[in-house]
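To be precise, the following lines are structure.cif, and they hold mmCIF, C-alpha atoms (C1' of nucleotides).
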```cif
data_entry
loop_
_atom_site.label_atom_id
_atom_site.label_comp_id
_atom_site.auth_asym_id
_atom_site.auth_seq_id
_atom_site.Cartn_x
_atom_site.Cartn_y
_atom_site.Cartn_z
CA MET A 1 0.00 0.00 0.00
CA ASP A 2 1.02 3.57 -0.61
CA VAL A 3 3.40 4.81 2.07
CA GLN A 4 1.50 8.05 2.57
CA LEU A 5 -1.76 6.25 3.19
CA LYS A 6 -0.14 4.21 5.94
CA ARG A 7 1.00 7.27 7.83
CA GLY A 8 -1.44 8.21 10.52
CA LEU A 9 -2.71 4.66 10.55
CA LEU A 10 0.53 3.18 11.87
CA ASP A 11 0.62 4.86 15.28
CA VAL A 12 -2.97 3.94 15.93
CA CYS A 13 -2.42 0.37 14.78
CA VAL A 14 0.42 -0.09 17.22
CA LEU A 15 -1.74 1.26 20.02
CA ALA A 16 -4.50 -1.12 19.00
CA ALA A 17 -2.06 -4.04 18.96
CA ILE A 18 -1.20 -3.56 22.63
CA LYS A 19 -4.63 -2.42 23.71
CA SER A 20 -5.94 -5.65 25.21
CA GLU A 21 -2.59 -7.07 26.30
CA ASP A 22 0.93 -5.76 26.83
CA SER A 23 3.27 -6.81 24.06
CA TYR A 24 6.81 -6.37 22.73
CA GLY A 25 8.37 -5.35 19.43
CA TYR A 26 8.65 -8.59 17.56
CA GLN A 27 5.23 -9.74 18.67
CA ILE A 28 3.61 -6.49 17.61
CA ILE A 29 5.04 -6.78 14.10
CA LYS A 30 3.75 -10.34 13.80
CA GLU A 31 0.30 -9.39 14.99
CA MET A 32 0.02 -6.47 12.61
CA LYS A 33 1.49 -8.28 9.61
CA PRO A 34 -1.77 -9.63 8.15
CA TYR A 35 -3.22 -6.13 8.17
CA ILE A 36 -0.33 -3.75 7.66
CA GLU A 37 3.37 -4.46 7.27
CA LEU A 38 6.08 -2.40 8.85
CA SER A 39 9.80 -2.81 9.34
CA GLU A 40 11.54 -3.06 12.67
CA SER A 41 13.15 0.32 12.30
CA THR A 42 9.76 1.83 11.66
CA LEU A 43 8.18 0.12 14.65
CA TYR A 44 10.85 1.16 17.10
CA THR A 45 10.64 4.72 15.83
CA ILE A 46 6.92 4.64 16.45
CA LEU A 47 7.28 3.11 19.91
CA LYS A 48 9.72 5.85 20.90
CA ARG A 49 7.35 8.46 19.59
CA LEU A 50 4.39 7.00 21.46
CA GLU A 51 6.44 6.82 24.63
CA SER A 52 7.49 10.45 24.33
CA ALA A 53 3.83 11.34 23.94
CA ASP A 54 2.95 9.35 27.07
CA GLN A 55 0.66 7.12 25.09
CA ILE A 56 2.52 4.00 26.17
CA THR A 57 4.85 2.95 28.99
CA VAL A 58 7.74 0.52 28.78
CA ARG A 59 9.04 -2.16 31.10
CA SER A 60 12.08 -4.33 30.47
CA VAL A 61 11.87 -8.04 31.13
CA GLU A 62 14.65 -10.67 30.95
CA HIS A 63 13.39 -13.53 28.79
CA GLU A 64 15.65 -16.51 28.07
CA GLY A 65 18.79 -14.43 28.23
CA ARG A 66 17.35 -11.84 25.86
CA LEU A 67 15.97 -8.48 26.78
CA ARG A 68 12.34 -7.87 26.09
CA LYS A 69 10.60 -4.55 26.34
CA TYR A 70 6.93 -4.84 27.09
CA TYR A 71 4.78 -1.94 26.05
CA HIS A 72 1.62 -0.92 27.89
CA ILE A 73 -1.02 1.49 26.68
CA THR A 74 -1.83 4.47 28.93
CA ASP A 75 -5.03 6.45 29.33
CA VAL A 76 -3.60 8.99 26.95
CA GLY A 77 -3.10 6.19 24.43
CA LEU A 78 -6.66 5.02 24.90
CA SER A 79 -7.88 8.56 24.29
CA ARG A 80 -5.87 8.64 21.11
CA LEU A 81 -7.76 5.58 19.92
CA ASP A 82 -11.04 7.30 20.70
CA GLU A 83 -9.95 10.38 18.80
CA PHE A 84 -9.17 8.20 15.85
CA LYS A 85 -12.75 7.04 15.76
CA GLU A 86 -13.79 10.68 15.44
CA ASP A 87 -11.23 11.24 12.70
CA TRP A 88 -12.60 8.21 10.96
CA LYS A 89 -15.89 9.99 10.35
CA GLU A 90 -14.01 12.73 8.53
CA ILE A 91 -12.11 10.17 6.53
CA LEU A 92 -15.37 8.56 5.44
CA SER A 93 -16.65 11.92 4.28
CA ILE A 94 -13.41 12.46 2.34
CA TYR A 95 -13.83 9.03 0.81
CA ASP A 96 -17.28 10.06 -0.37
CA PHE A 97 -15.83 13.17 -1.92
CA ILE A 98 -13.21 11.15 -3.76
CA THR A 99 -15.61 8.55 -5.10
CA ARG A 100 -18.63 10.75 -5.78
CA GLU A 101 -20.06 11.05 -9.27
CA ASP A 102 -18.67 7.71 -10.27
CA ILE A 103 -21.65 6.88 -12.43
CA GLY A 104 -22.38 9.52 -15.02
CA ASN A 105 -21.11 13.06 -14.85
CA GLU A 106 -23.74 14.77 -17.02
CA MET B 1 -7.66 16.26 11.68
CA ASP B 2 -4.30 14.67 12.24
CA VAL B 3 -1.77 15.77 9.65
CA GLN B 4 -0.50 12.26 9.07
CA LEU B 5 -3.95 10.92 8.33
CA LYS B 6 -4.39 13.53 5.62
CA ARG B 7 -1.31 12.42 3.76
CA GLY B 8 -2.11 9.99 1.04
CA LEU B 9 -5.64 11.31 0.95
CA LEU B 10 -4.60 14.74 -0.31
CA ASP B 11 -3.23 13.75 -3.71
CA VAL B 12 -6.27 11.64 -4.45
CA CYS B 13 -8.61 14.40 -3.27
CA VAL B 14 -7.06 16.87 -5.67
CA LEU B 15 -7.43 14.38 -8.50
CA ALA B 16 -11.05 13.85 -7.52
CA ALA B 17 -11.64 17.60 -7.45
CA ILE B 18 -10.66 17.99 -11.11
CA LYS B 19 -12.05 14.67 -12.26
CA SER B 20 -15.32 15.81 -13.78
CA GLU B 21 -14.16 19.29 -14.80
CA ASP B 22 -10.84 21.08 -15.23
CA SER B 23 -10.16 23.50 -12.43
CA TYR B 24 -7.53 25.89 -11.06
CA GLY B 25 -5.78 26.33 -7.72
CA TYR B 26 -8.08 28.65 -5.87
CA GLN B 27 -11.18 26.83 -7.05
CA ILE B 28 -9.79 23.46 -6.00
CA ILE B 29 -9.13 24.69 -2.48
CA LYS B 30 -12.66 26.06 -2.23
CA GLU B 31 -14.18 22.83 -3.48
CA MET B 32 -12.21 20.67 -1.08
CA LYS B 33 -12.66 22.94 1.94
CA PRO B 34 -15.83 21.33 3.33
CA TYR B 35 -14.12 17.96 3.31
CA ILE B 36 -10.44 18.58 3.87
CA GLU B 37 -8.55 21.82 4.33
CA LEU B 38 -5.19 22.54 2.81
CA SER B 39 -3.07 25.63 2.41
CA GLU B 40 -2.08 27.17 -0.89
CA SER B 41 1.53 26.16 -0.49
CA THR B 42 0.47 22.57 0.06
CA LEU B 43 -1.82 22.56 -2.94
CA TYR B 44 0.76 23.91 -5.34
CA THR B 45 3.27 21.40 -4.07
CA ILE B 46 0.77 18.65 -4.76
CA LEU B 47 -0.10 19.98 -8.20
CA LYS B 48 3.58 20.05 -9.16
CA ARG B 49 3.97 16.50 -7.88
CA LEU B 50 0.95 15.26 -9.80
CA GLU B 51 2.19 16.97 -12.95
CA SER B 52 5.63 15.36 -12.62
CA ALA B 53 3.89 12.02 -12.29
CA ASP B 54 1.86 12.71 -15.45
CA GLN B 55 -1.36 12.39 -13.50
CA ILE B 56 -2.47 15.87 -14.55
CA THR B 57 -1.70 18.33 -17.32
CA VAL B 58 -1.64 22.11 -17.08
CA ARG B 59 -2.77 24.84 -19.40
CA SER B 60 -2.41 28.55 -18.69
CA VAL B 61 -5.33 30.84 -19.39
CA GLU B 62 -5.48 34.61 -19.20
CA HIS B 63 -8.49 35.52 -17.07
CA GLU B 64 -9.25 39.18 -16.36
CA GLY B 65 -5.60 40.16 -16.48
CA ARG B 66 -4.63 37.39 -14.08
CA LEU B 67 -2.99 34.17 -14.98
CA ARG B 68 -4.93 31.03 -14.33
CA LYS B 69 -3.59 27.54 -14.60
CA TYR B 70 -6.23 25.00 -15.41
CA TYR B 71 -5.46 21.46 -14.40
CA HIS B 72 -6.74 18.45 -16.29
CA ILE B 73 -6.68 14.85 -15.12
CA THR B 74 -4.93 12.30 -17.39
CA ASP B 75 -5.55 8.60 -17.85
CA VAL B 76 -2.73 7.98 -15.41
CA GLY B 77 -4.54 10.15 -12.89
CA LEU B 78 -7.76 8.26 -13.43
CA SER B 79 -5.88 4.99 -12.84
CA ARG B 80 -4.55 6.43 -9.62
CA LEU B 81 -8.13 7.00 -8.48
CA ASP B 82 -8.97 3.40 -9.33
CA GLU B 83 -5.95 2.18 -7.40
CA PHE B 84 -7.13 4.17 -4.44
CA LYS B 85 -10.34 2.20 -4.42
CA GLU B 86 -8.26 -0.97 -4.08
CA ASP B 87 -6.22 0.60 -1.31
CA TRP B 88 -9.44 1.53 0.39
CA LYS B 89 -10.25 -2.14 0.96
CA GLU B 90 -6.98 -2.52 2.82
CA ILE B 91 -7.71 0.58 4.85
CA LEU B 92 -11.08 -0.85 5.87
CA SER B 93 -9.39 -4.03 7.04
CA ILE B 94 -6.91 -1.96 9.05
CA TYR B 95 -9.81 -0.04 10.53
CA ASP B 96 -11.32 -3.33 11.66
CA PHE B 97 -8.03 -4.27 13.29
CA ILE B 98 -7.88 -0.97 15.15
CA THR B 99 -11.43 -1.10 16.42
CA ARG B 100 -11.74 -4.85 17.09
CA GLU B 101 -12.49 -6.16 20.54
CA ASP B 102 -14.09 -2.92 21.54
CA ILE B 103 -16.69 -4.59 23.69
CA GLY B 104 -15.26 -6.90 26.30
CA ASN B 105 -11.86 -8.57 26.09
CA GLU B 106 -12.65 -11.83 27.90
"C1'" DC C 1 -6.45 55.27 -1.77
"C1'" DG C 2 -6.37 51.40 1.16
"C1'" DT C 3 -8.04 46.88 2.00
"C1'" DA C 4 -9.57 42.48 0.72
"C1'" DA C 5 -9.94 38.87 -2.54
"C1'" DT C 6 -7.95 36.38 -6.31
"C1'" DA C 7 -3.93 33.64 -8.03
"C1'" DC C 8 0.41 31.59 -8.18
"C1'" DA C 9 5.38 30.86 -6.41
"C1'" DT C 10 9.41 29.94 -3.35
"C1'" DC C 11 11.87 28.79 0.84
"C1'" DA C 12 12.93 26.83 5.22
"C1'" DT C 13 11.52 23.64 8.63
"C1'" DA C 14 9.86 19.64 11.01
"C1'" DT C 15 7.99 15.10 10.77
"C1'" DC C 16 8.36 10.60 9.40
"C1'" DA C 17 8.81 5.62 7.04
"C1'" DC C 18 12.29 2.81 5.77
"C1'" DG C 19 16.48 0.32 4.24
"C1'" DA C 20 20.88 -0.89 5.85
"C1'" DA C 21 23.75 -2.31 9.15
"C1'" DG C 22 24.95 -3.61 13.75
"C1'" DT C 23 24.83 -6.27 18.44
"C1'" DA C 24 23.58 -10.37 20.89
"C1'" DT C 25 21.45 -14.82 22.12
"C1'" DA C 26 18.98 -19.32 21.31
"C1'" DT C 27 17.79 -23.10 18.39
"C1'" DC C 28 18.04 -26.33 14.77
"C1'" DA C 29 20.16 -28.84 10.92
"C1'" DC C 30 24.14 -31.04 8.98
"C1'" DG D 1 30.65 -27.70 16.36
"C1'" DT D 2 29.54 -24.81 12.87
"C1'" DG D 3 26.62 -22.34 10.03
"C1'" DA D 4 21.98 -20.79 9.33
"C1'" DT D 5 17.83 -19.01 11.07
"C1'" DA D 6 14.84 -16.80 14.35
"C1'" DT D 7 14.43 -13.68 18.08
"C1'" DA D 8 15.07 -8.86 19.83
"C1'" DC D 9 16.42 -4.26 20.03
"C1'" DT D 10 19.30 -0.06 18.20
"C1'" DT D 11 21.31 3.59 15.28
"C1'" DC D 12 22.06 6.20 11.07
"C1'" DG D 13 21.12 8.34 6.77
"C1'" DT D 14 17.87 9.42 3.21
"C1'" DG D 15 13.98 10.91 0.72
"C1'" DA D 16 9.25 12.40 0.83
"C1'" DT D 17 6.24 15.77 2.25
"C1'" DA D 18 2.75 19.28 4.74
"C1'" DT D 19 2.91 23.79 6.12
"C1'" DG D 20 3.82 28.61 7.62
"C1'" DA D 21 5.87 32.66 6.08
"C1'" DT D 22 6.69 35.59 2.58
"C1'" DG D 23 6.50 37.58 -1.97
"C1'" DT D 24 4.48 39.20 -6.54
"C1'" DA D 25 0.62 41.03 -9.13
"C1'" DT D 26 -4.07 42.27 -10.43
"C1'" DT D 27 -9.06 43.35 -9.61
"C1'" DA D 28 -12.96 44.98 -6.91
"C1'" DC D 29 -14.99 47.51 -3.30
"C1'" DG D 30 -15.77 51.24 0.01
#
```
Output the file's structure in the form of structure tokens.
Amino acid sequence: MDVQLKRGLLDVCVLAAIKSEDSYGYQIIKEMKPYIELSESTLYTILKRLESADQITVRSVEHEGRLRKYYHITDVGLSRLDEFKEDWKEILSIYDFITREDIGNE
Amino acid sequence: MDVQLKRGLLDVCVLAAIKSEDSYGYQIIKEMKPYIELSESTLYTILKRLESADQITVRSVEHEGRLRKYYHITDVGLSRLDEFKEDWKEILSIYDFITREDIGNE
DNA sequence: CGTAATACATCATATCACGAAGTATATCAC
DNA sequence: GTGATATACTTCGTGATATGATGTATTACG
């Protein structure tokens, strides 16, 4: 899919991926893969951004010798998801604008 | 609305705005305003981009002493609109991912 | 005559997705 | 046991892009 279209969706997708259960980088990518693909570098950029914006918190866990960072959604993050649902209404209206007059343009 | 969400939608919106009838900068902004706002600098950047990609053509017209550039959508531009409709299906699936499990998470 | 509207153009800036490359461990095949 | 593969996170550089600020120029209105 077009890179530009993904923007704006990515942050919200990551929030949605950890909404019901805390998760870590690799897991998040796997969960999102069927819907929207993103590289590791992209994900970690996003996670940093979300953390800076207090939309998620991080906790490090030792797992089989490897470090794992579990991400947890905050109330701010949950609000962001709610805001997205409002934005979605606008997007639908834009979609209508784009696809209007498909049949016949007298 | 979130800037990032607008990206990807903007190009296609501009194409849609001139789809049924050739139009010029100021008119395009006015037509899009109820759905999605964009500044002049943004629009002209987009128009240049679309022209480079052969999705639109330009023709200058003298109108009451002022210069007007009328933009016309090409076949490539029309294809772009069709592609967007395919992308839209993916976006809907992403939307489902984002909003899933809204009620109860066992 | 000044202000607002029309119309297009350029520049600098900030944001961002991504590929490439790196570090480190565990597991599995040969 | 050695190489390949999967897991897991990090850093860097690049290119794309939306936008505000600013500029130029004409017309219309009060």
Contacts of DA28 (chain D) within 12 Å, only C-alpha atoms (C1' of nucleotides), excl. fewer than 6 positions in-chain, as a VMD selection string: (chain B and resid 64) or (chain C and resid 3 to 6)
Pick from A:Thr42, A:Arg59, A:Ala53, A:Leu67, whichever lies nearest to chain D using all atoms listed in the file: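 Of A:Thr42, A:Arg59, A:Ala53, A:Leu67, the one nearest chain D is A:Leu67, counting all atoms listed in the file.
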Residues of chain D within 10 Å of chain A, only C-alpha atoms (C1' of nucleotides) counted, as a CSV table (one decimal) with C-alpha atoms (C1' of nucleotides), in the coordinates of the input:
```csv
chain,number,residue,atom,x,y,z
D,7,DT,C1',14.4,-13.7,18.1
D,8,DA,C1',15.1,-8.9,19.8
D,9,DC,C1',16.4,-4.3,20.0
D,10,DT,C1',19.3,-0.1,18.2
D,11,DT,C1',21.3,3.6,15.3
D,16,DA,C1',9.2,12.4,0.8
D,17,DT,C1',6.2,15.8,2.2
```
What residues come out when you apply the PyMOL selection byres ((chain D and resi 21) around 12) to this file, written as a CSV table (one decimal) with C-alpha atoms (C1' of nucleotides), in the coordinates of the input?
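Generated file (out.csv):
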```
chain,number,residue,atom,x,y,z
B,39,SER,CA,-3.1,25.6,2.4
B,40,GLU,CA,-2.1,27.2,-0.9
B,41,SER,CA,1.5,26.2,-0.5
C,10,DT,C1',9.4,29.9,-3.4
C,11,DC,C1',11.9,28.8,0.8
C,12,DA,C1',12.9,26.8,5.2
C,13,DT,C1',11.5,23.6,8.6
D,19,DT,C1',2.9,23.8,6.1
D,20,DG,C1',3.8,28.6,7.6
D,22,DT,C1',6.7,35.6,2.6
D,23,DG,C1',6.5,37.6,-2.0
```
Minimum-distance residue to DG1 (chain D), chosen among C:DC30, C:DT25, C:DT15, C:DC8 (using only C-alpha atoms (C1' of nucleotides)):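 Of C:DC30, C:DT25, C:DT15, C:DC8, the one nearest DG1 (chain D), counting only C-alpha atoms (C1' of nucleotides), is C:DC30.
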Explicit residues for the PyMOL selection byres ((chain B) within 9 of (chain A)) (as an MDAnalysis selection string): chainID B and resid 1:9 12:17 20 32 35:36 81 85 87:88 90:91 93:95 97:101 105
Residue nearest chain B among C:DT23, C:DA7, C:DG2, C:DA29 (counting all atoms listed in the file):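 Among the listed residues, the smallest separation from chain B belongs to C:DA7.
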Interface rows for chain C against chain A: nearest pair, Å to one decimal, 12 Å, all atoms listed in the file, as CSV:
```
residue,atom,partner,partner_atom,distance
C:DT15,C1',A:Arg7,CA,10.9
C:DC16,C1',A:Arg7,CA,8.2
C:DA17,C1',A:Thr42,CA,6.1
C:DC18,C1',A:Thr42,CA,6.5
C:DG19,C1',A:Ser41,CA,8.7
C:DA20,C1',A:Ser41,CA,10.1
C:DA21,C1',A:Ser41,CA,11.4
C:DT23,C1',A:Arg66,CA,11.9
C:DA24,C1',A:Arg66,CA,8.1
C:DT25,C1',A:Arg66,CA,6.3
C:DA26,C1',A:Glu64,CA,8.0
C:DT27,C1',A:Glu64,CA,11.9
```
Test item: axis-aligned box, all listed atoms of region 48-56 of chain B, 4 Å on each side, centre and edges in Å rounded to one decimal, as JSON:
```
{"center_x": 1.6, "center_y": 16.0, "center_z": -11.7, "size_x": 16.1, "size_y": 16.0, "size_z": 15.6}
```
Nearest to Ser60 (chain A) by atom-to-atom distance, counting only C-alpha atoms, from A:Lys89, A:Gly77, A:Glu37, A:Asp22: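 The shortest atom-to-atom distance to Ser60 (chain A) comes from A:Asp22.
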CA of Ile28 (chain B) to CA of Tyr71 (chain B), straight-line distance in Å: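 Between these atoms lies a distance of 9.7 Å.
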Between CA of Asp75 (chain A) and CA of Ile56 (chain A) - distance in Å to one decimal: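 Pair CA of Ile56 (chain A) / CA of Asp75 (chain A) returns 8.5 Å.
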Separation of C1' of DA14 (chain C) from CA of Asp54 (chain B) in Å: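 Between these atoms lies a distance of 28.5 Å.
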